[in-house]
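Engineer: Provided herewith is a single structure, encoded as structure tokens, for subsequent inquiry.
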Amino acid sequence: MTWFSLLVLIPLAAVVLTASTNGWDGFWTTVSSSQTASALRLTVLEAIGVTVLNVVMGTALAWVLVRDRFWGKRVLDVVIDVPFALPTIVAGLVLLSLYGDQSPLGIDVANTRIAVFLALAFVTLPFVVRTVQPVLESLERDVEEAAASLGASRATTFRRIILPSLAPAITAGAALSFARAISEYGSLVLLSGNLPNRTEVASVRVLSYIENGNEAAAASVAAILLVVALLVIVLLDLIQRRVARRGE
């Protein structure tokens, strides 16, 4: 608990205390300003969208890697970890070269909200895959075969047997994905353009406040992100518990 407090609780408490420096009026003025509110709204909505995408596609990728056999499977298994290995600024440069004004694909989405979504999807791709994959590998096939022998369809078997077992891993990956998305900075700097009220995200807004010497305002935005992240984690835990109960 001492180590956890030094590493997590005390810094979080410091952020909240710093945010309260200017009082409630100062806090509300900061987070309700048009530019900051736009950045927070864009960040949270894009993070939710990316998390939903990762839950679906990440689970599907994990399923393919565990249950299917195909040429290039080992290569795919390694490539999925590339977003983990790349520095975020390098990821932004890679995405800019592919989806910028000189794109070899003919796709120019730089300085748009689509660019924000692509960057967040890229850096959060591995989270759900890597949390679901080991759980899938540990599942026994006997229960699935027994359900099939009793006349259960594949959809019913997945919904009543497999999904409840995967629910904790999926929600853990989703929580990690969301937390990474709302705090992402490096991969967005080059691709999104950081346009106020259009493509500026909360992390960039925090940095702007810090550069202007307004630490209380930066802490206010950080506190909002912290509360949102905690609420999403609690919501995901409730969903996971409900799915697990339905499988009992």
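Lettering and numbering for the structure tokens are positional, with chains as A, B, ... in the shown order, residues counted from 1 in each chain, and ligands counted from 1 in the shown order.
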Within 12 Å of Val15 of chain A, counting only C-alpha atoms, which residues qualify if same-chain residues fewer than 5 places away don't, as a count of residues only?
Structural biologist: 18
Engineer: If we count only C-alpha atoms and set the cut-off at 9 Å, which residues sit around Ser183 of chain A, ignoring sequence neighbours fewer than 5 positions away in its own chain? Please answer as a tab-separated table (two decimals) with N, CA and C atoms, in the first residue's frame.
Structural biologist:
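File written: around.tsv
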```tsv
chain	number	residue	atom	x	y	z
A	43	THR	N	-11.98	14.12	-27.45
A	43	THR	CA	-11.15	13.07	-26.88
A	43	THR	C	-11.99	11.91	-26.36
A	178	PHE	N	-9.18	2.32	-23.68
A	178	PHE	CA	-9.80	3.63	-23.44
A	178	PHE	C	-8.84	4.56	-22.71
A	201	VAL	N	-6.99	17.68	-29.09
A	201	VAL	CA	-7.42	16.73	-28.07
A	201	VAL	C	-7.01	17.25	-26.69
A	202	ALA	N	-7.50	16.57	-25.67
A	202	ALA	CA	-7.31	17.05	-24.30
A	202	ALA	C	-5.83	17.08	-23.89
A	203	SER	N	-5.06	16.08	-24.32
A	203	SER	CA	-3.64	16.05	-23.93
A	203	SER	C	-2.89	17.26	-24.49
A	225	LEU	N	-10.33	14.17	-17.13
A	225	LEU	CA	-9.96	12.92	-17.79
A	225	LEU	C	-9.88	11.76	-16.79
```
Engineer: Based on the backbone DSSP call, show me all residues of segment 24-233 of chain A assigned helix (DSSP H, G or I), as a PyMOL selection string.
Structural biologist: chain A and resi 24-32+34-67+73-79+82-85+88-99+113-138+141-149+154-183+186-192+202-211+215-233
Engineer: Write out as a PyMOL selection string each polymer residue whose atoms come within 12 Å of Leu120 of chain A, counting only C-alpha atoms; drop sequence neighbours fewer than 5 positions from it.
Structural biologist: chain A and resi 42-51+53-54+83+88+91-92+95+113-115+125-127+177-189+191-192+201
Engineer: Can I get the selected residues back with N, CA and C atoms, as a compact mmCIF listing (two decimals), in the first residue's frame?
Structural biologist:
```
# COMPACT_ATOMS: atom_id res chain seq x y z
N LEU A 42 -14.15 15.84 -27.95
CA LEU A 42 -13.53 15.08 -29.05
C LEU A 42 -12.74 13.90 -28.50
N THR A 43 -11.98 14.12 -27.45
CA THR A 43 -11.15 13.07 -26.88
C THR A 43 -11.99 11.91 -26.36
N VAL A 44 -13.02 12.21 -25.60
CA VAL A 44 -13.84 11.16 -25.00
C VAL A 44 -14.62 10.40 -26.07
N LEU A 45 -15.22 11.11 -27.01
CA LEU A 45 -16.01 10.44 -28.05
C LEU A 45 -15.14 9.56 -28.94
N GLU A 46 -13.98 10.08 -29.34
CA GLU A 46 -13.08 9.29 -30.18
C GLU A 46 -12.55 8.07 -29.40
N ALA A 47 -12.26 8.26 -28.12
CA ALA A 47 -11.77 7.14 -27.31
C ALA A 47 -12.83 6.06 -27.16
N ILE A 48 -14.09 6.46 -26.98
CA ILE A 48 -15.18 5.48 -26.88
C ILE A 48 -15.33 4.73 -28.20
N GLY A 49 -15.31 5.46 -29.31
CA GLY A 49 -15.44 4.82 -30.61
C GLY A 49 -14.32 3.82 -30.88
N VAL A 50 -13.10 4.22 -30.56
CA VAL A 50 -11.95 3.33 -30.77
C VAL A 50 -12.04 2.11 -29.86
N THR A 51 -12.51 2.30 -28.63
CA THR A 51 -12.64 1.18 -27.70
C THR A 51 -13.66 0.16 -28.20
N LEU A 53 -14.51 -0.33 -31.31
CA LEU A 53 -13.87 -0.99 -32.46
C LEU A 53 -12.89 -2.05 -32.00
N ASN A 54 -12.08 -1.73 -30.99
CA ASN A 54 -11.08 -2.68 -30.50
C ASN A 54 -11.72 -3.91 -29.86
N PRO A 83 2.59 -1.48 -32.59
CA PRO A 83 2.22 -0.23 -31.91
C PRO A 83 2.79 -0.12 -30.50
N THR A 88 5.59 6.85 -29.91
CA THR A 88 4.34 7.41 -30.44
C THR A 88 4.58 8.47 -31.52
N ALA A 91 5.04 6.65 -34.65
CA ALA A 91 3.74 6.19 -35.15
C ALA A 91 3.02 7.32 -35.86
N GLY A 92 3.09 8.53 -35.31
CA GLY A 92 2.47 9.67 -35.97
C GLY A 92 3.08 9.96 -37.32
N LEU A 95 1.88 7.28 -39.79
CA LEU A 95 0.50 7.52 -40.20
C LEU A 95 0.40 8.74 -41.11
N ARG A 113 -10.88 14.90 -38.05
CA ARG A 113 -11.21 14.02 -36.94
C ARG A 113 -11.00 12.55 -37.29
N ILE A 114 -11.07 12.24 -38.58
CA ILE A 114 -10.76 10.87 -39.01
C ILE A 114 -9.32 10.54 -38.67
N ALA A 115 -8.43 11.52 -38.80
CA ALA A 115 -7.03 11.31 -38.47
C ALA A 115 -6.86 10.99 -36.99
N LEU A 125 -4.51 -0.79 -30.76
CA LEU A 125 -4.84 -2.08 -31.37
C LEU A 125 -4.48 -3.29 -30.52
N PRO A 126 -3.27 -3.37 -29.93
CA PRO A 126 -2.87 -4.64 -29.28
C PRO A 126 -3.56 -4.93 -27.96
N PHE A 127 -4.18 -3.96 -27.31
CA PHE A 127 -4.61 -4.15 -25.93
C PHE A 127 -5.63 -5.28 -25.79
N SER A 177 -7.45 0.10 -23.39
CA SER A 177 -7.57 0.80 -24.67
C SER A 177 -8.14 2.20 -24.47
N PHE A 178 -9.18 2.32 -23.68
CA PHE A 178 -9.80 3.63 -23.44
C PHE A 178 -8.84 4.56 -22.71
N ALA A 179 -8.19 4.04 -21.68
CA ALA A 179 -7.26 4.86 -20.90
C ALA A 179 -6.11 5.36 -21.76
N ARG A 180 -5.61 4.50 -22.65
CA ARG A 180 -4.53 4.93 -23.54
C ARG A 180 -5.03 5.97 -24.54
N ALA A 181 -6.26 5.78 -25.03
CA ALA A 181 -6.79 6.67 -26.06
C ALA A 181 -7.00 8.09 -25.53
N ILE A 182 -7.56 8.23 -24.33
CA ILE A 182 -7.85 9.57 -23.83
C ILE A 182 -6.58 10.31 -23.41
N SER A 183 -5.48 9.58 -23.25
CA SER A 183 -4.24 10.24 -22.83
C SER A 183 -3.22 10.34 -23.95
N GLU A 184 -3.55 9.88 -25.15
CA GLU A 184 -2.59 9.84 -26.26
C GLU A 184 -2.19 11.25 -26.69
N TYR A 185 -0.92 11.38 -27.03
CA TYR A 185 -0.41 12.67 -27.48
C TYR A 185 0.49 12.53 -28.72
N GLY A 186 1.54 11.73 -28.59
CA GLY A 186 2.59 11.70 -29.61
C GLY A 186 2.10 11.39 -31.02
N SER A 187 1.26 10.37 -31.16
CA SER A 187 0.82 9.96 -32.50
C SER A 187 -0.14 10.95 -33.12
N LEU A 188 -0.69 11.88 -32.31
CA LEU A 188 -1.68 12.83 -32.82
C LEU A 188 -1.06 14.15 -33.27
N VAL A 189 0.12 14.47 -32.77
CA VAL A 189 0.70 15.79 -32.99
C VAL A 189 0.86 16.10 -34.46
N LEU A 191 -0.39 14.22 -37.19
CA LEU A 191 -1.48 13.85 -38.09
C LEU A 191 -2.73 14.69 -37.91
N SER A 192 -3.06 15.04 -36.68
CA SER A 192 -4.32 15.74 -36.43
C SER A 192 -4.25 17.24 -36.69
N VAL A 201 -6.99 17.68 -29.09
CA VAL A 201 -7.42 16.73 -28.07
C VAL A 201 -7.01 17.25 -26.69
```
Engineer: Applying 12 Å and only C-alpha atoms, which residues near segment 72-80 of chain A remain after dropping the ones on its own chain fewer than 4 positions away? List them as a ChimeraX atom specification.
Structural biologist: /A:58,61-68,84-86,122-130,133
Engineer: Please save N, CA and C atoms of the selected residues as a tab-separated table (two decimals), in the first residue's frame.
Structural biologist:
```
chain	number	residue	atom	x	y	z
A	58	GLY	N	-10.48	-6.62	-31.96
A	58	GLY	CA	-9.45	-7.25	-31.15
A	58	GLY	C	-9.83	-8.66	-30.75
A	61	LEU	N	-9.50	-10.79	-33.89
A	61	LEU	CA	-8.10	-11.09	-34.19
A	61	LEU	C	-7.54	-12.15	-33.23
A	62	ALA	N	-7.87	-12.02	-31.96
A	62	ALA	CA	-7.42	-13.02	-31.00
A	62	ALA	C	-7.97	-14.39	-31.34
A	63	TRP	N	-9.25	-14.43	-31.73
A	63	TRP	CA	-9.87	-15.70	-32.11
A	63	TRP	C	-9.16	-16.34	-33.29
A	64	VAL	N	-8.85	-15.52	-34.31
A	64	VAL	CA	-8.17	-16.03	-35.50
A	64	VAL	C	-6.78	-16.55	-35.15
A	65	LEU	N	-6.07	-15.82	-34.31
A	65	LEU	CA	-4.71	-16.24	-33.95
A	65	LEU	C	-4.69	-17.53	-33.14
A	66	VAL	N	-5.74	-17.78	-32.37
A	66	VAL	CA	-5.77	-18.96	-31.51
A	66	VAL	C	-6.42	-20.15	-32.21
A	67	ARG	N	-7.53	-19.92	-32.90
A	67	ARG	CA	-8.34	-21.03	-33.40
A	67	ARG	C	-8.08	-21.39	-34.87
A	68	ASP	N	-7.50	-20.49	-35.64
A	68	ASP	CA	-7.30	-20.76	-37.07
A	68	ASP	C	-5.85	-21.04	-37.39
A	84	PHE	N	3.03	-1.27	-29.84
A	84	PHE	CA	3.67	-1.23	-28.53
A	84	PHE	C	5.13	-0.80	-28.63
A	85	ALA	N	5.80	-1.26	-29.69
A	85	ALA	CA	7.24	-1.05	-29.82
A	85	ALA	C	7.58	0.33	-30.36
A	86	LEU	N	6.73	0.89	-31.22
A	86	LEU	CA	7.03	2.16	-31.85
A	86	LEU	C	6.87	3.32	-30.87
A	122	PHE	N	-4.67	2.95	-34.09
A	122	PHE	CA	-3.36	2.34	-34.31
A	122	PHE	C	-2.64	2.03	-33.00
A	123	VAL	N	-2.60	3.01	-32.10
A	123	VAL	CA	-1.82	2.82	-30.87
A	123	VAL	C	-2.51	1.92	-29.86
A	124	THR	N	-3.83	1.73	-29.99
A	124	THR	CA	-4.55	0.90	-29.01
A	124	THR	C	-4.89	-0.49	-29.53
A	125	LEU	N	-4.51	-0.79	-30.76
A	125	LEU	CA	-4.84	-2.08	-31.37
A	125	LEU	C	-4.48	-3.29	-30.52
A	126	PRO	N	-3.27	-3.37	-29.93
A	126	PRO	CA	-2.87	-4.64	-29.28
A	126	PRO	C	-3.56	-4.93	-27.96
A	127	PHE	N	-4.18	-3.96	-27.31
A	127	PHE	CA	-4.61	-4.15	-25.93
A	127	PHE	C	-5.63	-5.28	-25.79
A	128	VAL	N	-6.70	-5.24	-26.56
A	128	VAL	CA	-7.72	-6.28	-26.44
A	128	VAL	C	-7.19	-7.61	-26.95
A	129	VAL	N	-6.43	-7.58	-28.03
A	129	VAL	CA	-5.88	-8.82	-28.59
A	129	VAL	C	-5.04	-9.54	-27.55
A	130	ARG	N	-4.15	-8.81	-26.91
A	130	ARG	CA	-3.21	-9.45	-25.98
A	130	ARG	C	-3.83	-9.83	-24.64
A	133	GLN	N	-6.27	-13.12	-26.00
A	133	GLN	CA	-5.57	-14.26	-26.61
A	133	GLN	C	-5.17	-15.35	-25.60
```
Engineer: Quick check, in Å to one decimal: how far apart do atom CA of Leu236 of chain A and atom CA of Phe117 of chain A lie?
Structural biologist: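 Computing the Euclidean distance for atom CA of Leu236 of chain A and atom CA of Phe117 of chain A yields 21.0 Å.
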Engineer: Which of these residues is nearest to Glu200 of chain A, using only C-alpha atoms: A:Thr18, A:Ser38, A:Gln240, A:Ser138?
Structural biologist: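 That would be A:Ser38, the residue with the smallest distance to Glu200 of chain A.
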Engineer: Find the spatial neighbours of Ala147 of chain A, counting only C-alpha atoms, within a cut-off of 12 Å - ignore same-chain residues fewer than 6 positions away - and output them as a list in words.
Structural biologist: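 The neighbour list is Arg141, Ser153, Arg154, Ala155, Thr156, Thr157, Phe158, Arg159, Arg160, Ile161 and Ile162 of chain A.
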Engineer: For atom CA of Ala172 of chain A and atom CA of Glu145 of chain A, determine how far apart the two atoms are, in Å to one decimal place.
Structural biologist: 27.4 Å
Engineer: Which value, in Å to one decimal, gives the distance between atom CA of Leu96 of chain A and atom CA of Thr199 of chain A?
Structural biologist: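 Computing the Euclidean distance for atom CA of Leu96 of chain A and atom CA of Thr199 of chain A yields 14.7 Å.
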